Amino acid sequence: MLPTDPLTPAERSQRMSLIRNGDTRPEMLVRRLLHGLGYRYVLRSERLPGRPDLVFPHRRKVIFVHGCFWHQHDCGRYRMPRSNTGFWESKLQANVARDSRNLSRLREMGWDVAVVWECELKDRHQLQTRLVAFLGSG
């Protein structure tokens, strides 16, 4: 028997509404790191597929900062919720499919794309090295 959600639908809806779409802790960490290195960027351009978190227009490069849970990263931090599994499987698979479509569309438009996973923030030095290699020098 599957465990049931301990919250009422109204309580669950209220909690889900608190989940932020932008300015998340992982995104802010990446933004501060890059800004401190002298990179300047545009935030969440609505003109591009998927509204990338960071856009570097003159370099034609974008960075997405993905949460391991919401985008089903296989790092071990992701775990399927035990209640309402049908909803979550559908929701998270749709996120992954949408991500794939957006990355393909951006590449077809001539943009270079990098994805920073939430779990990669543990090793800031390695992250910095990777991002500098991706963005190049000023």
# chains A, B, ... in the order shown; residues from 1 in each chain; ligands from 1

$ residues_around --residues "Leu127 (chain A)" --least-positions-apart "4" --cutoff "10 Å" --atoms "only C-alpha atoms" --output "tab-separated table (two decimals) with N, CA, C and O atoms, in the first residue's frame"
chain	number	residue	atom	x	y	z
A	30	VAL	N	25.89	30.76	-8.20
A	30	VAL	CA	26.55	30.81	-9.51
A	30	VAL	C	26.66	32.25	-9.98
A	30	VAL	O	27.70	32.67	-10.51
A	33	LEU	N	29.43	34.03	-8.05
A	33	LEU	CA	30.72	33.52	-8.48
A	33	LEU	C	31.14	34.16	-9.79
A	33	LEU	O	32.23	34.70	-9.92
A	116	VAL	N	24.49	23.75	-14.97
A	116	VAL	CA	25.12	23.59	-13.66
A	116	VAL	C	24.10	22.91	-12.77
A	116	VAL	O	22.98	23.40	-12.60
A	117	TRP	N	24.48	21.75	-12.23
A	117	TRP	CA	23.61	21.00	-11.35
A	117	TRP	C	23.84	21.45	-9.90
A	117	TRP	O	24.96	21.77	-9.51
A	120	GLU	N	26.76	20.15	-8.01
A	120	GLU	CA	28.09	20.61	-8.41
A	120	GLU	C	28.56	21.81	-7.60
A	120	GLU	O	29.72	22.19	-7.69
A	121	LEU	N	27.68	22.40	-6.83
A	121	LEU	CA	28.03	23.59	-6.06
A	121	LEU	C	28.90	23.26	-4.86
A	121	LEU	O	29.49	24.15	-4.26
A	122	LYS	N	29.01	21.98	-4.52
A	122	LYS	CA	29.82	21.58	-3.38
A	122	LYS	C	31.29	21.92	-3.60
A	122	LYS	O	31.97	22.33	-2.68
A	123	ASP	N	31.77	21.70	-4.82
A	123	ASP	CA	33.18	21.94	-5.14
A	123	ASP	C	33.27	23.24	-5.96
A	123	ASP	O	33.23	23.22	-7.18
A	131	LEU	N	33.28	26.70	-15.42
A	131	LEU	CA	32.56	27.85	-15.98
A	131	LEU	C	33.50	28.79	-16.73
A	131	LEU	O	33.13	29.31	-17.79
A	132	VAL	N	34.69	29.02	-16.23
A	132	VAL	CA	35.65	29.87	-16.92
A	132	VAL	C	36.05	29.22	-18.25
A	132	VAL	O	36.17	29.89	-19.28
A	133	ALA	N	36.23	27.91	-18.25
A	133	ALA	CA	36.56	27.20	-19.50
A	133	ALA	C	35.40	27.34	-20.50
A	133	ALA	O	35.61	27.50	-21.70

$ select_by_dssp --residues "region 4-138 of chain A" --states "strand (DSSP E)" --output "list in words"
Val42, Leu43, Leu54, Val55, Phe56, Lys61, Val62, Ile63, Phe64, Val65, His66, Asp112, Val113, Ala114, Val115, Val116 and Trp117 of chain A

$ write_last_selection --atoms "N, CA, C and O atoms" --output "mmCIF file, in the first residue's frame"
data_model
loop_
_atom_site.group_PDB
_atom_site.id
_atom_site.type_symbol
_atom_site.label_atom_id
_atom_site.label_comp_id
_atom_site.auth_asym_id
_atom_site.auth_seq_id
_atom_site.Cartn_x
_atom_site.Cartn_y
_atom_site.Cartn_z
ATOM 1 N N VAL A 42 22.762 38.606 -18.616
ATOM 2 C CA VAL A 42 21.347 38.975 -18.594
ATOM 3 C C VAL A 42 20.623 37.827 -17.899
ATOM 4 O O VAL A 42 20.946 36.658 -18.120
ATOM 5 N N LEU A 43 19.643 38.156 -17.076
ATOM 6 C CA LEU A 43 18.898 37.126 -16.350
ATOM 7 C C LEU A 43 17.655 36.694 -17.120
ATOM 8 O O LEU A 43 16.897 37.529 -17.618
ATOM 9 N N LEU A 54 21.129 32.340 -16.933
ATOM 10 C CA LEU A 54 22.140 33.353 -17.226
ATOM 11 C C LEU A 54 22.403 33.358 -18.728
ATOM 12 O O LEU A 54 22.646 32.309 -19.325
ATOM 13 N N VAL A 55 22.354 34.539 -19.319
ATOM 14 C CA VAL A 55 22.577 34.687 -20.759
ATOM 15 C C VAL A 55 23.752 35.638 -20.964
ATOM 16 O O VAL A 55 23.792 36.722 -20.380
ATOM 17 N N PHE A 56 24.683 35.216 -21.799
ATOM 18 C CA PHE A 56 25.851 36.006 -22.150
ATOM 19 C C PHE A 56 25.729 36.320 -23.639
ATOM 20 O O PHE A 56 26.280 35.601 -24.483
ATOM 21 N N LYS A 61 26.308 32.430 -25.303
ATOM 22 C CA LYS A 61 26.363 31.317 -24.364
ATOM 23 C C LYS A 61 25.298 31.521 -23.296
ATOM 24 O O LYS A 61 24.990 32.660 -22.933
ATOM 25 N N VAL A 62 24.746 30.402 -22.837
ATOM 26 C CA VAL A 62 23.749 30.443 -21.767
ATOM 27 C C VAL A 62 24.078 29.386 -20.728
ATOM 28 O O VAL A 62 24.728 28.378 -21.028
ATOM 29 N N ILE A 63 23.624 29.654 -19.512
ATOM 30 C CA ILE A 63 23.807 28.700 -18.416
ATOM 31 C C ILE A 63 22.455 28.486 -17.744
ATOM 32 O O ILE A 63 21.747 29.450 -17.412
ATOM 33 N N PHE A 64 22.120 27.221 -17.564
ATOM 34 C CA PHE A 64 20.970 26.839 -16.751
ATOM 35 C C PHE A 64 21.501 26.332 -15.420
ATOM 36 O O PHE A 64 22.494 25.590 -15.384
ATOM 37 N N VAL A 65 20.849 26.710 -14.318
ATOM 38 C CA VAL A 65 21.186 26.180 -12.999
ATOM 39 C C VAL A 65 20.003 25.302 -12.597
ATOM 40 O O VAL A 65 18.902 25.797 -12.362
ATOM 41 N N HIS A 66 20.242 23.987 -12.576
ATOM 42 C CA HIS A 66 19.165 23.021 -12.347
ATOM 43 C C HIS A 66 19.253 22.392 -10.963
ATOM 44 O O HIS A 66 20.337 22.007 -10.520
ATOM 45 N N ASP A 112 25.753 28.240 -27.319
ATOM 46 C CA ASP A 112 26.426 27.213 -26.524
ATOM 47 C C ASP A 112 25.715 27.159 -25.181
ATOM 48 O O ASP A 112 25.364 28.202 -24.607
ATOM 49 N N VAL A 113 25.509 25.947 -24.679
ATOM 50 C CA VAL A 113 24.709 25.756 -23.471
ATOM 51 C C VAL A 113 25.502 24.979 -22.425
ATOM 52 O O VAL A 113 26.152 23.982 -22.750
ATOM 53 N N ALA A 114 25.437 25.448 -21.190
ATOM 54 C CA ALA A 114 25.995 24.708 -20.054
ATOM 55 C C ALA A 114 24.894 24.556 -19.008
ATOM 56 O O ALA A 114 24.065 25.452 -18.825
ATOM 57 N N VAL A 115 24.910 23.408 -18.350
ATOM 58 C CA VAL A 115 23.978 23.161 -17.246
ATOM 59 C C VAL A 115 24.809 22.973 -15.992
ATOM 60 O O VAL A 115 25.736 22.160 -15.968
ATOM 61 N N VAL A 116 24.490 23.747 -14.974
ATOM 62 C CA VAL A 116 25.124 23.590 -13.661
ATOM 63 C C VAL A 116 24.097 22.905 -12.771
ATOM 64 O O VAL A 116 22.980 23.398 -12.600
ATOM 65 N N TRP A 117 24.482 21.755 -12.234
ATOM 66 C CA TRP A 117 23.607 21.004 -11.347
ATOM 67 C C TRP A 117 23.841 21.447 -9.899
ATOM 68 O O TRP A 117 24.959 21.766 -9.511
#

$ residues_around --residues "Arg98 (chain A)" --least-positions-apart "3" --cutoff "12 Å" --atoms "only C-alpha atoms" --output "MDAnalysis selection string"
chainID A and resid 49:51 70:71 91:95 101:105

$ write_last_selection --atoms "N, CA and C atoms" --output "compact mmCIF listing (two decimals), in the first residue's frame"
# COMPACT_ATOMS: atom_id res chain seq x y z
N PRO A 49 14.49 30.05 -25.82
CA PRO A 49 13.77 28.87 -25.34
C PRO A 49 14.24 28.46 -23.95
N GLY A 50 13.29 28.20 -23.07
CA GLY A 50 13.60 27.76 -21.72
C GLY A 50 13.99 28.84 -20.75
N ARG A 51 14.04 30.08 -21.23
CA ARG A 51 14.44 31.21 -20.37
C ARG A 51 15.68 30.85 -19.54
N TRP A 70 14.23 18.50 -9.30
CA TRP A 70 13.27 18.96 -10.30
C TRP A 70 13.62 18.54 -11.72
N HIS A 71 14.91 18.29 -11.95
CA HIS A 71 15.33 17.95 -13.32
C HIS A 71 15.91 16.53 -13.38
N LYS A 91 5.16 14.66 -13.86
CA LYS A 91 5.66 16.03 -13.74
C LYS A 91 7.16 16.09 -14.02
N LEU A 92 7.93 15.22 -13.39
CA LEU A 92 9.38 15.28 -13.53
C LEU A 92 9.85 14.81 -14.90
N GLN A 93 9.17 13.83 -15.47
CA GLN A 93 9.51 13.40 -16.83
C GLN A 93 9.21 14.52 -17.83
N ALA A 94 8.15 15.26 -17.60
CA ALA A 94 7.82 16.40 -18.47
C ALA A 94 8.91 17.48 -18.36
N ASN A 95 9.42 17.69 -17.15
CA ASN A 95 10.51 18.66 -16.97
C ASN A 95 11.73 18.24 -17.80
N ARG A 101 14.20 19.53 -25.12
CA ARG A 101 13.72 20.33 -26.26
C ARG A 101 14.36 21.71 -26.26
N ASN A 102 14.40 22.35 -25.10
CA ASN A 102 14.97 23.70 -25.02
C ASN A 102 16.46 23.71 -25.34
N LEU A 103 17.21 22.73 -24.84
CA LEU A 103 18.64 22.67 -25.13
C LEU A 103 18.87 22.47 -26.63
N SER A 104 18.08 21.61 -27.23
CA SER A 104 18.21 21.37 -28.68
C SER A 104 17.89 22.63 -29.47
N ARG A 105 16.83 23.30 -29.11
CA ARG A 105 16.44 24.53 -29.81
C ARG A 105 17.51 25.60 -29.68

$ select_by_dssp --residues "region 2-136 of chain A" --states "alpha helix (DSSP H)" --output "NGL selection string"
:A and (9-17 or 25-36 or 85-108 or 124-135)

$ atom_distance --atom1 "CA of Arg60 (chain A)" --atom2 "CA of Glu27 (chain A)"
19.4 Å

$ atom_distance --atom1 "CA of Ser137 (chain A)" --atom2 "CA of Gly36 (chain A)"
13.6 Å

$ closest_residue --among "A:Leu106, A:Gly136, A:Thr129, A:Phe69" --to "Trp88 (chain A)" --atoms "only C-alpha atoms"
A:Phe69

$ decode --residues "region 31-47 of chain A" --atoms "all heavy atoms" --output "short mmCIF file (atom, residue, chain, number, x, y, z; two decimals), in the first residue's frame"
data_model
loop_
_atom_site.label_atom_id
_atom_site.label_comp_id
_atom_site.auth_asym_id
_atom_site.auth_seq_id
_atom_site.Cartn_x
_atom_site.Cartn_y
_atom_site.Cartn_z
N ARG A 31 25.61 33.04 -9.80
CA ARG A 31 25.64 34.44 -10.22
C ARG A 31 26.73 35.21 -9.49
O ARG A 31 27.49 35.97 -10.11
CB ARG A 31 24.27 35.08 -9.99
CG ARG A 31 23.26 34.64 -11.03
CD ARG A 31 21.83 34.94 -10.69
NE ARG A 31 21.54 36.30 -10.26
CZ ARG A 31 20.33 36.70 -9.90
NH1 ARG A 31 19.30 35.84 -9.93
NH2 ARG A 31 20.11 37.93 -9.51
N ARG A 32 26.82 35.04 -8.18
CA ARG A 32 27.85 35.75 -7.40
C ARG A 32 29.25 35.32 -7.83
O ARG A 32 30.16 36.15 -7.94
CB ARG A 32 27.65 35.50 -5.92
CG ARG A 32 26.51 36.28 -5.33
CD ARG A 32 26.47 36.15 -3.81
NE ARG A 32 25.15 36.54 -3.35
CZ ARG A 32 24.23 35.68 -2.91
NH1 ARG A 32 24.49 34.39 -2.82
NH2 ARG A 32 23.05 36.12 -2.53
N LEU A 33 29.43 34.03 -8.05
CA LEU A 33 30.72 33.52 -8.48
C LEU A 33 31.14 34.16 -9.79
O LEU A 33 32.23 34.70 -9.92
CB LEU A 33 30.67 32.00 -8.62
CG LEU A 33 31.89 31.33 -9.25
CD1 LEU A 33 33.07 31.40 -8.30
CD2 LEU A 33 31.57 29.89 -9.60
N LEU A 34 30.26 34.15 -10.78
CA LEU A 34 30.59 34.69 -12.09
C LEU A 34 30.75 36.21 -12.07
O LEU A 34 31.65 36.76 -12.71
CB LEU A 34 29.54 34.27 -13.12
CG LEU A 34 29.55 32.78 -13.46
CD1 LEU A 34 28.38 32.42 -14.36
CD2 LEU A 34 30.87 32.38 -14.09
N HIS A 35 29.91 36.89 -11.33
CA HIS A 35 30.02 38.35 -11.22
C HIS A 35 31.35 38.72 -10.58
O HIS A 35 32.03 39.66 -11.02
CB HIS A 35 28.84 38.92 -10.44
CG HIS A 35 28.74 40.40 -10.53
ND1 HIS A 35 29.40 41.25 -9.68
CD2 HIS A 35 28.05 41.18 -11.40
CE1 HIS A 35 29.12 42.50 -10.01
NE2 HIS A 35 28.31 42.48 -11.05
N GLY A 36 31.74 37.97 -9.55
CA GLY A 36 33.02 38.21 -8.88
C GLY A 36 34.21 37.99 -9.80
O GLY A 36 35.28 38.58 -9.59
N LEU A 37 34.03 37.17 -10.82
CA LEU A 37 35.09 36.92 -11.79
C LEU A 37 35.07 37.92 -12.94
O LEU A 37 35.88 37.84 -13.86
CB LEU A 37 34.97 35.50 -12.35
CG LEU A 37 35.24 34.37 -11.35
CD1 LEU A 37 34.85 33.02 -11.95
CD2 LEU A 37 36.70 34.38 -10.93
N GLY A 38 34.11 38.85 -12.89
CA GLY A 38 34.05 39.89 -13.90
C GLY A 38 33.10 39.63 -15.05
O GLY A 38 33.01 40.45 -15.98
N TYR A 39 32.38 38.54 -15.04
CA TYR A 39 31.42 38.25 -16.11
C TYR A 39 30.13 39.02 -15.87
O TYR A 39 29.67 39.14 -14.74
CB TYR A 39 31.12 36.75 -16.17
CG TYR A 39 32.29 35.92 -16.59
CD1 TYR A 39 33.06 35.24 -15.65
CD2 TYR A 39 32.64 35.80 -17.93
CE1 TYR A 39 34.15 34.47 -16.03
CE2 TYR A 39 33.73 35.03 -18.32
CZ TYR A 39 34.47 34.37 -17.36
OH TYR A 39 35.54 33.61 -17.74
N ARG A 40 29.56 39.52 -16.96
CA ARG A 40 28.26 40.21 -16.88
C ARG A 40 27.28 39.44 -17.75
O ARG A 40 27.63 38.90 -18.80
CB ARG A 40 28.39 41.66 -17.36
CG ARG A 40 29.36 42.48 -16.50
CD ARG A 40 28.93 42.50 -15.03
NE ARG A 40 29.85 43.24 -14.19
CZ ARG A 40 30.74 42.68 -13.37
NH1 ARG A 40 30.85 41.37 -13.30
NH2 ARG A 40 31.52 43.43 -12.63
N TYR A 41 26.05 39.41 -17.32
CA TYR A 41 25.05 38.55 -17.95
C TYR A 41 23.67 39.19 -17.87
O TYR A 41 23.45 40.16 -17.15
CB TYR A 41 25.03 37.19 -17.25
CG TYR A 41 25.08 37.30 -15.74
CD1 TYR A 41 23.94 37.59 -14.99
CD2 TYR A 41 26.29 37.17 -15.06
CE1 TYR A 41 24.00 37.72 -13.63
CE2 TYR A 41 26.36 37.29 -13.68
CZ TYR A 41 25.21 37.56 -12.97
OH TYR A 41 25.26 37.71 -11.61
N VAL A 42 22.76 38.61 -18.62
CA VAL A 42 21.35 38.97 -18.59
C VAL A 42 20.62 37.83 -17.90
O VAL A 42 20.95 36.66 -18.12
CB VAL A 42 20.81 39.16 -20.04
CG1 VAL A 42 19.32 39.41 -20.03
CG2 VAL A 42 21.56 40.26 -20.74
N LEU A 43 19.64 38.16 -17.08
CA LEU A 43 18.90 37.13 -16.35
C LEU A 43 17.66 36.69 -17.12
O LEU A 43 16.90 37.53 -17.62
CB LEU A 43 18.47 37.64 -14.98
CG LEU A 43 19.59 38.00 -14.01
CD1 LEU A 43 19.00 38.56 -12.73
CD2 LEU A 43 20.44 36.78 -13.72
N ARG A 44 17.46 35.39 -17.22
CA ARG A 44 16.24 34.76 -17.72
C ARG A 44 15.59 35.45 -18.92
O ARG A 44 14.45 35.86 -18.86
CB ARG A 44 15.24 34.61 -16.59
CG ARG A 44 15.69 33.64 -15.52
CD ARG A 44 14.70 33.48 -14.41
NE ARG A 44 14.60 34.61 -13.51
CZ ARG A 44 15.51 34.90 -12.58
NH1 ARG A 44 16.55 34.17 -12.44
NH2 ARG A 44 15.34 35.94 -11.80
N SER A 45 16.32 35.56 -20.00
CA SER A 45 15.81 36.20 -21.21
C SER A 45 14.59 35.46 -21.75
O SER A 45 14.66 34.27 -22.06
CB SER A 45 16.89 36.26 -22.29
OG SER A 45 16.33 36.76 -23.48
N GLU A 46 13.49 36.16 -21.86
CA GLU A 46 12.27 35.55 -22.38
C GLU A 46 12.33 35.32 -23.88
O GLU A 46 11.48 34.64 -24.43
CB GLU A 46 11.07 36.44 -22.03
CG GLU A 46 10.81 36.51 -20.54
CD GLU A 46 9.61 37.36 -20.19
OE1 GLU A 46 8.80 37.67 -21.09
OE2 GLU A 46 9.48 37.72 -19.01
N ARG A 47 13.34 35.86 -24.53
CA ARG A 47 13.48 35.69 -25.98
C ARG A 47 14.06 34.34 -26.36
O ARG A 47 14.04 33.98 -27.53
CB ARG A 47 14.37 36.79 -26.55
CG ARG A 47 13.78 38.16 -26.39
CD ARG A 47 14.70 39.21 -26.94
NE ARG A 47 14.11 40.52 -26.79
CZ ARG A 47 14.71 41.63 -27.10
NH1 ARG A 47 15.94 41.60 -27.59
NH2 ARG A 47 14.11 42.77 -26.94
#
